[in-house]
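Take a look at the structure set out below.
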Amino acid sequence: MTTISKHSASFRDPSGYVFLDDGVIKRTINPIYFKQYEALNTSGFFKALFDNKLLVAHKEVSATAEKIIIQPEHIPFITYPYEWSFNQYKEAALLTLKLQKYALEHGFSLKDASAFNVAFYKGKAIFIDTLSFDFYVEDSPWRGYKQFISHFLGPLVLSHYHGAQSIKLISNFIDGIPIKMLASMLPFKTKLNPFLYTNIHLLAKFEDKHSQDYKGESKASILSKKAQLNIVQSLYDYIKNLTLKEHSEWGDYYDKTNYSASAFIKKATIINQWIDTLKTNTIIDIGGNDGTFVRKIERQLQQALVCDIDNNAVDFNFKTIKENKETYMTPFVLDVLNPSASIGFNNTERLSFLNRIQAFAPEATLALAVIHHMSLSGNVSFKMSAQFFESFSKYLIIEFPKREDSWVQRLLDSKTDFKDYFDFYNISNFEKEYSSYFDIIEKLAIQDTHRVLYLMKVK
Amino acid sequence: MYSLYFDPGLGAMIIQSIVAAVAAILLFSKNIMYKVKVFLGMDKKENDDLFDDINVKDSDTDKTSK
């Protein structure tokens, strides 16, 4: 028996839809899109994008007069725009513009410019909405322009002025940041910048002015292809040069840790041995910072997810991945105390972190130097964190900093009068609570530190 | 031709000619500045270029249209 279910996020575009066929992602193309699909195929447009790894590759499974079915390459773990670091967001924006330019030059155009059309795969951004390309109509403006501004330029410019936290806004505005609100959030000086003035402030005014036109009889606007290419090019140039004002200090994060170089090596060696013994292929490192410990693993991993609450750390990891051309690591931003929720229509359009990680089911989870933050900063009990870790992977490698550890001391001191409440934070309570959910396979103290590493297996 | 499954924003459609005109001026002046800098030997190479330029490399098999 096969089970076929339409993907809950695939309903907006009538050209086709994504469905799950026995767990395999496939895409149905409706007759309304046959002409476009044929043209994209025969002109070599798809092939050029596949060869350049800009669009997810697919193969045709079946073709009838009613529907064509294609099967795209499997992307093991989808991250959403609100989980991207600043430079990941930039790369997704630049990819969209690059595709629009290439499309225009070959007689096509992107009919939308949603940030959710992009995923990260093998170390780089890749476009995943195969049916977004349509025929270019001579002298017509770009239909995806406004969407591009609200989905891409908006969050990036806000990040530049207000910090990378602004990227999280897109989780509340699934259709992009409202242009008027975006304009109101930018400092006055942006009105003096001709690029930002026209693309954001003036756009907000125009949208406001024309929002009452329900008759749809306002004159059809005309824009030459050359003019549209100029818009695309200027957006590309601006975004490419956009930087964060806040300084990324994660490059030297490990210089500031409270243990010595030898303890660091010791820790890496233990993790390496355990991963090797388990013959692990897929892992997630929660609180994985810039991916340092994952890179120390010698075993060839198929897929490593590395998440951290800090956008800068994730960004640093992403840059390293690009420089080293690593293909097995997927970095993303995640607050373990508030992981991404399920959002959109019926709460099923964009899946929660837990939904996705349980489906991905990494063989092992690394939780290094994160339990004291969960317990002491987040007031999450050992029982609650054990239940969390237990829900998505079979093995858990967890580091427990004892009360004597200077980081733990610092966190406890910051609690002042409330400090007694955290008496539960000790190694025997930790072992007792975790033992309800896990078997402790091995336990090793990291020399010269007040930290202990555990290898556990779900009961 | 286009499936109208989302609102592209009427204002956003109309404004594009203005945006394009400003973009053209910016691109033109940037180009002039670049040429002046190269002429004066002030062109500094961006050494840590994380991202490529906008153009997609055509694969060998695809020489169909231009």
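In the structure tokens, each chain is lettered A, B, ... as it comes, each chain's residues begin at 1, and ligands are numbered from 1 in order of appearance.
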Q) Taking only C-alpha atoms into account, what are the residues of chain A at most 7 Å from chain B, put as an MDAnalysis selection string? A) chainID A and resid 12:13 43:44 48 51 98 102 105:106 141 143:146 198:199 203 206:207 210 221 223 227:228 230:231 234
Selection above as a file: N, CA and C atoms, as a CSV table (one decimal), in the first residue's frame:
```csv
chain,number,residue,atom,x,y,z
A,12,ARG,N,-0.5,27.3,-2.7
A,12,ARG,CA,-0.7,28.7,-3.1
A,12,ARG,C,-0.7,28.8,-4.6
A,13,ASP,N,0.2,28.0,-5.2
A,13,ASP,CA,0.4,28.2,-6.7
A,13,ASP,C,-0.4,27.1,-7.4
A,43,SER,N,14.7,24.1,-23.7
A,43,SER,CA,15.6,25.2,-23.9
A,43,SER,C,17.0,25.0,-23.2
A,44,GLY,N,17.0,24.0,-22.3
A,44,GLY,CA,18.2,23.8,-21.6
A,44,GLY,C,18.3,24.6,-20.3
A,48,ALA,N,21.0,24.1,-17.2
A,48,ALA,CA,22.0,25.0,-16.8
A,48,ALA,C,21.9,25.3,-15.3
A,51,ASP,N,23.2,22.3,-13.4
A,51,ASP,CA,24.7,22.2,-13.5
A,51,ASP,C,25.3,23.1,-12.6
A,98,LYS,N,20.0,36.4,-8.9
A,98,LYS,CA,20.8,35.7,-10.0
A,98,LYS,C,19.9,34.9,-10.9
A,102,TYR,N,19.1,35.6,-14.9
A,102,TYR,CA,19.3,34.5,-15.9
A,102,TYR,C,18.0,34.2,-16.6
A,105,GLU,N,17.2,36.9,-19.2
A,105,GLU,CA,18.0,36.8,-20.4
A,105,GLU,C,17.6,35.6,-21.3
A,106,HIS,N,16.8,34.7,-20.7
A,106,HIS,CA,16.4,33.5,-21.5
A,106,HIS,C,14.9,33.4,-21.7
A,141,PRO,N,6.5,44.7,-15.9
A,141,PRO,CA,7.4,44.8,-14.7
A,141,PRO,C,7.5,43.4,-14.0
A,143,ARG,N,6.7,40.9,-11.4
A,143,ARG,CA,5.6,40.6,-10.4
A,143,ARG,C,6.1,40.3,-9.0
A,144,GLY,N,7.3,39.8,-9.0
A,144,GLY,CA,7.9,39.3,-7.7
A,144,GLY,C,8.6,40.5,-6.9
A,145,TYR,N,8.6,41.7,-7.5
A,145,TYR,CA,9.4,42.8,-6.9
A,145,TYR,C,9.0,43.1,-5.5
A,146,LYS,N,7.7,43.3,-5.3
A,146,LYS,CA,7.3,43.7,-3.9
A,146,LYS,C,7.6,42.6,-2.9
A,198,THR,N,14.0,54.8,-2.9
A,198,THR,CA,13.1,54.3,-4.0
A,198,THR,C,12.6,52.9,-3.7
A,199,ASN,N,13.5,52.0,-3.2
A,199,ASN,CA,13.1,50.6,-3.1
A,199,ASN,C,12.2,50.4,-1.8
A,203,LEU,N,8.3,53.1,-2.3
A,203,LEU,CA,7.4,51.9,-2.5
A,203,LEU,C,6.3,51.9,-1.5
A,206,PHE,N,3.7,54.4,-2.5
A,206,PHE,CA,3.0,54.0,-3.7
A,206,PHE,C,2.0,52.9,-3.4
A,207,GLU,N,2.4,52.0,-2.5
A,207,GLU,CA,1.5,50.9,-2.1
A,207,GLU,C,0.4,51.4,-1.3
A,210,HIS,N,-2.1,53.2,-3.7
A,210,HIS,CA,-2.8,52.4,-4.7
A,210,HIS,C,-3.5,51.2,-4.1
A,221,SER,N,1.2,49.0,-16.1
A,221,SER,CA,2.5,49.6,-16.1
A,221,SER,C,3.4,48.9,-17.1
A,223,LEU,N,7.5,48.3,-18.3
A,223,LEU,CA,8.9,48.4,-17.9
A,223,LEU,C,9.7,47.6,-18.9
A,227,ALA,N,15.4,48.0,-18.2
A,227,ALA,CA,15.1,48.7,-17.0
A,227,ALA,C,15.0,47.7,-15.8
A,228,GLN,N,14.3,46.5,-16.1
A,228,GLN,CA,14.1,45.5,-15.1
A,228,GLN,C,15.5,44.9,-14.7
A,230,ASN,N,18.2,46.5,-14.7
A,230,ASN,CA,18.9,47.5,-13.9
A,230,ASN,C,18.5,47.4,-12.4
A,231,ILE,N,17.2,47.1,-12.2
A,231,ILE,CA,16.6,47.0,-10.9
A,231,ILE,C,17.3,45.8,-10.2
A,234,SER,N,21.0,46.4,-9.5
A,234,SER,CA,21.3,47.3,-8.4
A,234,SER,C,20.9,46.7,-7.0
```
Q: Using DSSP on the backbone coordinates, identify the residues of region 378-413 of chain A assigned to strand (DSSP E or B); present them as JSON, numbers by chain.
A: {"A": [395, 396, 397, 398, 399, 400, 401]}
Could you save those same residues with C-alpha atoms as a PDB file, in the first residue's frame?
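Writing the result to out_36.pdb gives the following:
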```pdb
ATOM      1  CA  TYR A 395      22.114   8.464  21.216  1.00  0.00           C
ATOM      2  CA  LEU A 396      22.967  11.506  23.259  1.00  0.00           C
ATOM      3  CA  ILE A 397      26.442  12.846  23.935  1.00  0.00           C
ATOM      4  CA  ILE A 398      26.003  15.381  26.691  1.00  0.00           C
ATOM      5  CA  GLU A 399      28.488  17.443  28.653  1.00  0.00           C
ATOM      6  CA  PHE A 400      27.683  18.241  32.261  1.00  0.00           C
ATOM      7  CA  PRO A 401      29.544  21.128  33.909  1.00  0.00           C
TER       8      PRO A 401
END
```
Q) Using only C-alpha atoms, which of A:Trp84, A:Val18, A:Val157, A:Lys209 sits nearest Leu186 (chain A)? A)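 The answer is A:Val157, which sits nearest to Leu186 (chain A).
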Q. Which polymer residues have any atom within 12 Å of an atom of Ala65 (chain A), counting only C-alpha atoms, with same-chain residues fewer than 2 positions away left out, as a PyMOL selection string?
A. chain A and resi 29-34+62-63+67-69
Q: Tell me, as a PyMOL selection string, which residues lie within 12 Å of Ile271 (chain A), counting only C-alpha atoms; anything in the same chain fewer than 5 positions away does not count.
A: chain A and resi 264-266+276-278+280+283+285+293-299+364-368+396-399+442-444+446+452-455
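Taking CA of Thr320 (chain A) as the reference point, CA of Ile286 (chain A) is found at 18.1 Å.
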Q | Contacts of region 350-360 of chain A within 10 Å, only C-alpha atoms, excl. fewer than 3 positions in-chain, as number ranges by chain | A | A: 8-9, 76-80, 83, 116, 171, 174, 282-284, 305, 334, 336, 338-347, 363, 388, 391-393
Q: Check region 377-431 of chain A with DSSP on the backbone and list each residue it calls alpha helix (DSSP H), as a ChimeraX atom specification.
A: /A:382-390,406-413,427-431
